[in-house]
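*Asks:* Pasting a structure below so you can have a look.
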Amino acid sequence: MRMTKWSKVAVIGTIMGTCFTAGVYAQDVLQRVDAYLRSDFKVMVDGKQVSMANPPLIYNNASYLPVKELGGYLGASVNWQDSTKTIYINPRVSTQQPAEGNETNYTEIVLQYPYPQYLDYLGRTYPVLVNMTDQYYYRLKDLDRMGVSTAGLRKAKEKYTEEIYVSEQELKKSWKETPQISYMINEPIVITGEEDPAKLKALREYVKNFRYYELNQVAYMTNPVIIDALPELNTYSYILSENRHFYRTTLKLTQTNDNNNINDKPMYVVGSSSKEDIEVTRVNK
């Protein structure tokens, strides 16, 4: 019987070693062994020879391969969780995975009590947006990033942003483990799709500077919902509520030349922004 690509990952994962640093293990569980590196061994994946940065290792008549490197060739996501000393090998779900059905098949929900948070799932921490209405709903694009398969699950479309969500009740059919709220990241302004520290700092400073302001003697209080990186470089979608009304703002970062920047690292500021009242736009559409 021909095994699927993911079946191969599961089988190979039981016999191969890891490329994680040995220093993460406690001294009393380390065991020294005599093994042989075989750089002359060829590794074939789906009928094609691949180049391994770390050669196969032979110990006790068994072959060991670096799980993270091989997992990449097999389309798997490999994560290490230091707190539990656990290696997670998971199938990668494409972020371009289409939503099933068409617009008429979606349940309609609205932004009611949206709140961003960080979730621990299968050895990694993910920023997600959860919307609380009659139950908890998770954004489809966050689930894609987490590697959660939503094929065959009923979906809902949010009225104002037109984003697709999946209810927690439906996701219980697909979770490989129940996600847990992460307490390792204490950051109230959640940003997805961006990892550059300088850009993250600029975006968070912008949000903090406009939490409270006054215009034409009218006071405004802004509550950030979430910031998502867009495909265009240095461009972001910022969902916020202001005086109990939801808006979408497009932010664009501009690199600055700061003569006081002794580290000679790129620095950024929000150079422009555009604001859209999504509640009015969608209701009147």
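Chain identifiers are assigned as A, B, and so on, following the order in which chains appear in the structure tokens; residues are numbered from 1 within each chain, and ligands are numbered from 1 in order of appearance.
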Please return, as a ChimeraX atom specification, all residues of region 46-285 of chain A that DSSP assigns to helix (DSSP H, G or I) on the basis of the backbone.
*Replies:* /A:67-73,103-105,140-146,168-171,197-209,278-283
*Asks:* Any chance you could tabulate, as a Markdown table, the residues of region 115-138 of chain A at most 10 Å from region 151-162 of chain A with each one's nearest atom pair and distance in Å to one decimal, using only C-alpha atoms, in chain and rising number order?
*Replies:*
| residue | atom | partner | partner_atom | distance |
| --- | --- | --- | --- | --- |
| A:Asn131 | CA | A:Glu158 | CA | 9.4 |
| A:Tyr137 | CA | A:Ala156 | CA | 8.4 |
| A:Tyr138 | CA | A:Ala156 | CA | 9.7 |
*Asks:* Output the selection as a PDB file, in the first residue's frame - C-alpha atoms for each residue.
*Replies:*
ATOM      1  CA  ASN A 131     -14.857  36.956  18.368  1.00  0.00           C
ATOM      2  CA  TYR A 137     -15.343  32.154  16.753  1.00  0.00           C
ATOM      3  CA  TYR A 138     -11.756  31.966  15.417  1.00  0.00           C
TER       4      TYR A 138
END
*Asks:* When DSSP works through the backbone of this structure, what residues of region 29-278 of chain A end up as strand (DSSP E or B), shown as a count of residues only?
*Replies:* 107
*Asks:* Any idea what the distance is between CA of Leu30 (chain A) and CA of Pro55 (chain A)?
*Replies:* 21.6 Å
*Asks:* Kindly provide the residues of region 227-264 of chain A that approach region 207-221 of chain A to within 10 Å, each paired with its closest atom pair and their distance in Å to one decimal, based on only C-alpha atoms, listed by chain and increasing number, as a Markdown table.
*Replies:*
| residue | atom | partner | partner_atom | distance |
| --- | --- | --- | --- | --- |
| A:Ile227 | CA | A:Val207 | CA | 9.8 |
| A:Tyr238 | CA | A:Val207 | CA | 9.3 |
| A:Leu240 | CA | A:Val207 | CA | 9.7 |
| A:Ser241 | CA | A:Met221 | CA | 8.4 |
| A:Glu242 | CA | A:Met221 | CA | 5.7 |
| A:Asn243 | CA | A:Met221 | CA | 5.8 |
| A:Arg244 | CA | A:Met221 | CA | 8.8 |
*Asks:* What's the 12 Å shell around region 142-146 of chain A, counting only C-alpha atoms, without same-chain residues fewer than 3 positions away, as a PyMOL selection string?
*Replies:* chain A and resi 77+79+90-99+116-130+137-139+149-151+163-168+171+174-177+179+191-193+226+228
*Asks:* What would the file look like if the residues just selected were written as a PDB file, in the first residue's frame with C-alpha atoms?
*Replies:*
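Written output follows (out.pdb):
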ATOM      1  CA  SER A  77       5.994  21.727  10.633  1.00  0.00           C
ATOM      2  CA  ASN A  79       8.326  22.637  16.700  1.00  0.00           C
ATOM      3  CA  ASN A  90       2.542  18.350  12.369  1.00  0.00           C
ATOM      4  CA  PRO A  91       1.225  18.488   8.799  1.00  0.00           C
ATOM      5  CA  ARG A  92       1.446  21.998   7.378  1.00  0.00           C
ATOM      6  CA  VAL A  93      -1.845  23.450   6.141  1.00  0.00           C
ATOM      7  CA  SER A  94      -1.496  25.991   3.343  1.00  0.00           C
ATOM      8  CA  THR A  95      -2.412  29.556   4.311  1.00  0.00           C
ATOM      9  CA  GLN A  96      -4.040  29.766   0.875  1.00  0.00           C
ATOM     10  CA  GLN A  97      -6.495  27.001   1.743  1.00  0.00           C
ATOM     11  CA  PRO A  98      -9.852  28.058   0.257  1.00  0.00           C
ATOM     12  CA  ALA A  99     -12.973  28.276   2.368  1.00  0.00           C
ATOM     13  CA  PRO A 116      -6.888  39.195  20.501  1.00  0.00           C
ATOM     14  CA  GLN A 117      -4.799  36.720  22.420  1.00  0.00           C
ATOM     15  CA  TYR A 118      -1.830  34.381  22.137  1.00  0.00           C
ATOM     16  CA  LEU A 119      -2.536  30.650  22.049  1.00  0.00           C
ATOM     17  CA  ASP A 120      -0.176  27.724  22.595  1.00  0.00           C
ATOM     18  CA  TYR A 121      -0.905  24.967  20.098  1.00  0.00           C
ATOM     19  CA  LEU A 122       1.232  21.948  19.199  1.00  0.00           C
ATOM     20  CA  GLY A 123       4.425  23.402  20.588  1.00  0.00           C
ATOM     21  CA  ARG A 124       4.184  26.942  19.254  1.00  0.00           C
ATOM     22  CA  THR A 125       2.570  30.239  20.271  1.00  0.00           C
ATOM     23  CA  TYR A 126       0.254  31.992  17.790  1.00  0.00           C
ATOM     24  CA  PRO A 127      -1.440  35.416  17.794  1.00  0.00           C
ATOM     25  CA  VAL A 128      -5.154  34.997  17.057  1.00  0.00           C
ATOM     26  CA  LEU A 129      -8.357  37.010  17.032  1.00  0.00           C
ATOM     27  CA  VAL A 130     -11.367  35.496  18.765  1.00  0.00           C
ATOM     28  CA  TYR A 137     -15.343  32.154  16.753  1.00  0.00           C
ATOM     29  CA  TYR A 138     -11.756  31.966  15.417  1.00  0.00           C
ATOM     30  CA  ARG A 139     -10.544  33.661  12.230  1.00  0.00           C
ATOM     31  CA  SER A 149      -7.459  21.796   8.936  1.00  0.00           C
ATOM     32  CA  THR A 150     -10.937  23.295   8.528  1.00  0.00           C
ATOM     33  CA  ALA A 151     -12.028  21.219   5.539  1.00  0.00           C
ATOM     34  CA  GLU A 163     -13.547  37.778   7.157  1.00  0.00           C
ATOM     35  CA  ILE A 164     -14.265  34.065   7.556  1.00  0.00           C
ATOM     36  CA  TYR A 165     -14.510  32.497  11.017  1.00  0.00           C
ATOM     37  CA  VAL A 166     -14.999  28.999  12.424  1.00  0.00           C
ATOM     38  CA  SER A 167     -16.824  28.355  15.680  1.00  0.00           C
ATOM     39  CA  GLU A 168     -15.122  26.649  18.599  1.00  0.00           C
ATOM     40  CA  LEU A 171     -13.154  23.252  15.701  1.00  0.00           C
ATOM     41  CA  SER A 174     -10.423  19.193  14.173  1.00  0.00           C
ATOM     42  CA  TRP A 175      -8.224  20.229  17.127  1.00  0.00           C
ATOM     43  CA  LYS A 176      -5.305  17.852  17.689  1.00  0.00           C
ATOM     44  CA  GLU A 177      -5.107  19.293  21.189  1.00  0.00           C
ATOM     45  CA  PRO A 179      -5.245  25.357  22.530  1.00  0.00           C
ATOM     46  CA  ILE A 191       0.238  41.946  15.591  1.00  0.00           C
ATOM     47  CA  THR A 192       0.160  39.054  13.120  1.00  0.00           C
ATOM     48  CA  GLY A 193       2.437  38.367  10.165  1.00  0.00           C
ATOM     49  CA  ILE A 226      -5.590  43.575  16.083  1.00  0.00           C
ATOM     50  CA  ASP A 228      -2.418  42.229  10.477  1.00  0.00           C
TER      51      ASP A 228
END
*Asks:* Could you list, as a ChimeraX atom specification, every residue within 7 Å of Gln255 (chain A), counting only C-alpha atoms and ignoring same-chain residues fewer than 6 positions away?
*Replies:* /A:266-269
*Asks:* Pick the closest to Val225 (chain A) from A:Gly147, A:Pro114, A:Pro66, A:Gly271: which is it, counting only C-alpha atoms?
*Replies:*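 Among A:Gly147, A:Pro114, A:Pro66, A:Gly271, it is A:Pro114 that comes nearest to Val225 (chain A).
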*Asks:* I'd like the neighbourhood of region 37-49 of chain A as a PyMOL selection string, where a residue qualifies if any of its atoms comes within 10 Å (using only C-alpha atoms), though same-chain residues fewer than 2 positions away should be ignored.
*Replies:* chain A and resi 4-5+8+35+51-59+63-65+70+73-74
*Asks:* Those residues you just picked out, can you put them in a file as an mmCIF file, in the first residue's frame with C-alpha atoms?
*Replies:*
data_model
loop_
_atom_site.group_PDB
_atom_site.id
_atom_site.type_symbol
_atom_site.label_atom_id
_atom_site.label_comp_id
_atom_site.auth_asym_id
_atom_site.auth_seq_id
_atom_site.Cartn_x
_atom_site.Cartn_y
_atom_site.Cartn_z
ATOM 1 C CA THR A 4 0.889 9.409 1.835
ATOM 2 C CA LYS A 5 3.511 12.076 2.449
ATOM 3 C CA LYS A 8 5.921 8.912 5.903
ATOM 4 C CA ALA A 35 27.616 6.520 16.514
ATOM 5 C CA SER A 51 20.788 17.478 0.069
ATOM 6 C CA MET A 52 21.022 17.260 3.856
ATOM 7 C CA ALA A 53 23.035 19.839 5.797
ATOM 8 C CA ASN A 54 23.449 17.207 8.530
ATOM 9 C CA PRO A 55 24.381 13.708 7.291
ATOM 10 C CA PRO A 56 22.587 10.547 8.451
ATOM 11 C CA LEU A 57 23.817 9.012 11.678
ATOM 12 C CA ILE A 58 24.106 5.267 12.309
ATOM 13 C CA TYR A 59 23.643 3.949 15.832
ATOM 14 C CA SER A 63 19.614 5.207 10.752
ATOM 15 C CA TYR A 64 18.861 8.605 12.311
ATOM 16 C CA LEU A 65 18.083 11.779 10.392
ATOM 17 C CA LEU A 70 13.697 16.182 6.940
ATOM 18 C CA TYR A 73 11.330 18.313 2.819
ATOM 19 C CA LEU A 74 8.187 16.350 3.711
#
*Asks:* Do a neighbour search on Lys275 (chain A) at 10 Å with only C-alpha atoms, toss out local chain neighbours closer than 5 positions, and write the hits as number ranges by chain.
*Replies:* A: 237-239, 247-251
